[in-house]
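**Q** Okay, here's the structure, questions in a sec.
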Amino acid sequence: MARAGDGKPRSEKRRATHRISKRISADEWGAFQERARAEGFESGQEFLNALILGDTEVRNIQRRDLTVILGHIGKLGSNINQIARRLNSGKINKISVDDMNIITEIPSQLESFGRAIRDTLK
């Protein structure tokens with residue numbers, strides 16, 4: 001067991017010696033929690049750490065989430081292409097006009113979502 005003054009190296013993890021504290025009202029706390037969720041953090045503590053240690057964490061979390069969403073949009077586009085292939089081959093015979101209208105709108109909507117996310121990631 002390590003003892004004080006024994007000259008052995010210590011972990012840097014426990015070297016944080018300064019503490020920051022601020023008392024806030026219940027309304028301020030609620031607003032802070034909402035802002036943390038809006039920024040993509042799961043807790044106010046994660047958001048506070050990002051604010052204190054640097055704004056890069058805020059951008060990294062948003063970027064990671066948007067990249068995941070963009071990947072899912074790509075998978076949806078692939079599924080839509082498979083549906084279109086089956087429709088064009090005649091394997092799906094009965095489909096209503098309303099359903100067909102919805103299906104034909106999906107690729108352009110997916111493309112606009114993807115474009116908006118790619119623009120955000122730039």
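Ligands are numbered from 1 in the order shown, residues from 1 within each chain, and chains are lettered A, B, ... in the order they appear in the structure tokens.
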For Phe32 of chain A, please output as JSON, numbers by chain all residues within 12 Å (counting only C-alpha atoms; exclusion window: fewer than 2 positions along the same chain).
**A** {"A": [24, 25, 26, 27, 28, 29, 30, 34, 35, 36, 37, 38, 39, 41, 43, 44, 45, 46, 47, 48, 51]}
**Q** Could you take the residues named above and write them with N, CA, C and O atoms, as an mmCIF file, in the first residue's frame?
**A**
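Resulting contents of part12.cif:
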data_model
loop_
_atom_site.group_PDB
_atom_site.id
_atom_site.type_symbol
_atom_site.label_atom_id
_atom_site.label_comp_id
_atom_site.auth_asym_id
_atom_site.auth_seq_id
_atom_site.Cartn_x
_atom_site.Cartn_y
_atom_site.Cartn_z
ATOM 1 N N ILE A 24 -27.725 27.530 -7.894
ATOM 2 C CA ILE A 24 -28.718 27.992 -8.861
ATOM 3 C C ILE A 24 -30.114 27.606 -8.386
ATOM 4 O O ILE A 24 -30.284 26.684 -7.582
ATOM 5 N N SER A 25 -31.116 28.305 -8.931
ATOM 6 C CA SER A 25 -32.501 28.020 -8.568
ATOM 7 C C SER A 25 -32.993 26.781 -9.317
ATOM 8 O O SER A 25 -32.345 26.298 -10.256
ATOM 9 N N ALA A 26 -34.160 26.306 -8.930
ATOM 10 C CA ALA A 26 -34.748 25.147 -9.599
ATOM 11 C C ALA A 26 -35.034 25.460 -11.068
ATOM 12 O O ALA A 26 -34.837 24.609 -11.943
ATOM 13 N N ASP A 27 -35.481 26.666 -11.362
ATOM 14 C CA ASP A 27 -35.747 27.061 -12.748
ATOM 15 C C ASP A 27 -34.460 27.084 -13.563
ATOM 16 O O ASP A 27 -34.426 26.635 -14.719
ATOM 17 N N GLU A 28 -33.397 27.618 -12.984
ATOM 18 C CA GLU A 28 -32.113 27.653 -13.682
ATOM 19 C C GLU A 28 -31.591 26.237 -13.929
ATOM 20 O O GLU A 28 -31.034 25.948 -14.982
ATOM 21 N N TRP A 29 -31.785 25.359 -12.938
ATOM 22 C CA TRP A 29 -31.355 23.969 -13.074
ATOM 23 C C TRP A 29 -32.113 23.289 -14.217
ATOM 24 O O TRP A 29 -31.518 22.598 -15.039
ATOM 25 N N GLY A 30 -33.427 23.508 -14.288
ATOM 26 C CA GLY A 30 -34.223 22.930 -15.364
ATOM 27 C C GLY A 30 -33.775 23.435 -16.729
ATOM 28 O O GLY A 30 -33.662 22.663 -17.685
ATOM 29 N N GLU A 34 -32.216 21.205 -19.808
ATOM 30 C CA GLU A 34 -32.788 21.263 -21.160
ATOM 31 C C GLU A 34 -31.714 21.618 -22.184
ATOM 32 O O GLU A 34 -31.664 21.044 -23.269
ATOM 33 N N ARG A 35 -30.874 22.584 -21.833
ATOM 34 C CA ARG A 35 -29.804 22.976 -22.754
ATOM 35 C C ARG A 35 -28.828 21.830 -22.974
ATOM 36 O O ARG A 35 -28.365 21.600 -24.095
ATOM 37 N N ALA A 36 -28.524 21.086 -21.909
ATOM 38 C CA ALA A 36 -27.617 19.941 -22.034
ATOM 39 C C ALA A 36 -28.201 18.906 -22.992
ATOM 40 O O ALA A 36 -27.503 18.393 -23.869
ATOM 41 N N ARG A 37 -29.493 18.603 -22.857
ATOM 42 C CA ARG A 37 -30.139 17.640 -23.756
ATOM 43 C C ARG A 37 -30.169 18.166 -25.186
ATOM 44 O O ARG A 37 -29.946 17.421 -26.138
ATOM 45 N N ALA A 38 -30.441 19.468 -25.344
ATOM 46 C CA ALA A 38 -30.482 20.067 -26.678
ATOM 47 C C ALA A 38 -29.115 19.998 -27.364
ATOM 48 O O ALA A 38 -29.028 19.892 -28.584
ATOM 49 N N GLU A 39 -28.043 20.044 -26.583
ATOM 50 C CA GLU A 39 -26.689 19.966 -27.132
ATOM 51 C C GLU A 39 -26.250 18.529 -27.391
ATOM 52 O O GLU A 39 -25.161 18.283 -27.884
ATOM 53 N N PHE A 41 -26.159 15.951 -24.965
ATOM 54 C CA PHE A 41 -25.562 15.274 -23.816
ATOM 55 C C PHE A 41 -26.624 14.510 -23.047
ATOM 56 O O PHE A 41 -27.787 14.913 -22.996
ATOM 57 N N SER A 43 -26.458 13.938 -19.782
ATOM 58 C CA SER A 43 -26.615 14.491 -18.438
ATOM 59 C C SER A 43 -26.038 15.897 -18.382
ATOM 60 O O SER A 43 -25.205 16.279 -19.215
ATOM 61 N N GLY A 44 -26.482 16.629 -17.392
ATOM 62 C CA GLY A 44 -25.948 17.963 -17.176
ATOM 63 C C GLY A 44 -24.473 17.918 -16.813
ATOM 64 O O GLY A 44 -23.718 18.835 -17.137
ATOM 65 N N GLN A 45 -24.051 16.847 -16.136
ATOM 66 C CA GLN A 45 -22.651 16.716 -15.734
ATOM 67 C C GLN A 45 -21.728 16.622 -16.951
ATOM 68 O O GLN A 45 -20.680 17.259 -16.996
ATOM 69 N N GLU A 46 -22.136 15.841 -17.958
ATOM 70 C CA GLU A 46 -21.333 15.739 -19.175
ATOM 71 C C GLU A 46 -21.239 17.103 -19.866
ATOM 72 O O GLU A 46 -20.178 17.487 -20.364
ATOM 73 N N PHE A 47 -22.360 17.808 -19.891
ATOM 74 C CA PHE A 47 -22.399 19.126 -20.519
ATOM 75 C C PHE A 47 -21.506 20.097 -19.756
ATOM 76 O O PHE A 47 -20.736 20.853 -20.357
ATOM 77 N N LEU A 48 -21.572 20.070 -18.442
ATOM 78 C CA LEU A 48 -20.743 20.949 -17.621
ATOM 79 C C LEU A 48 -19.259 20.668 -17.847
ATOM 80 O O LEU A 48 -18.454 21.592 -17.981
ATOM 81 N N LEU A 51 -18.276 22.209 -21.088
ATOM 82 C CA LEU A 51 -18.180 23.658 -20.991
ATOM 83 C C LEU A 51 -16.894 24.096 -20.287
ATOM 84 O O LEU A 51 -16.227 25.027 -20.714
#
**Q** Set the distance at 12 Å and use only C-alpha atoms: which residues neighbour Asn81 of chain A once local chain neighbours fewer than 5 positions away are removed? I'd like the list as a list in words.
**A**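 Result of the neighbour search: Gly74, Lys75, Leu76, Arg86, Leu87, Asn88, Ile103, Thr104, Ile106, Pro107 and Leu110 of chain A.
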**Q** Atom CA of Phe113 of chain A and atom CA of Ile69 of chain A are how many Å apart?
**A**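 For atom CA of Phe113 of chain A relative to atom CA of Ile69 of chain A, the distance reads 9.6 Å.
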**Q** So which one's closest to Gly77 of chain A, A:Glu42, A:Asp6, A:Ile117, A:Ser112? Using only C-alpha atoms, please.
**A** A:Ser112
**Q** Nearest residue to Asn49 of chain A out of A:Ile20, A:Asn93, A:Gln62, A:Gly114, using only C-alpha atoms?
**A**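 Residue with the minimum atom-to-atom distance to Asn49 of chain A: A:Ile20.
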**Q** If you run DSSP on this backbone, which residues of chain A come out as alpha helix (DSSP H), and could you give them as a PyMOL selection string?
**A** chain A and resi 26-38+44-53+56-89+97-121
**Q** Just to confirm, what's the straight-line distance from atom CA of Leu70 of chain A to atom CA of Asn101 of chain A in Å (one decimal)?
**A** 24.1 Å
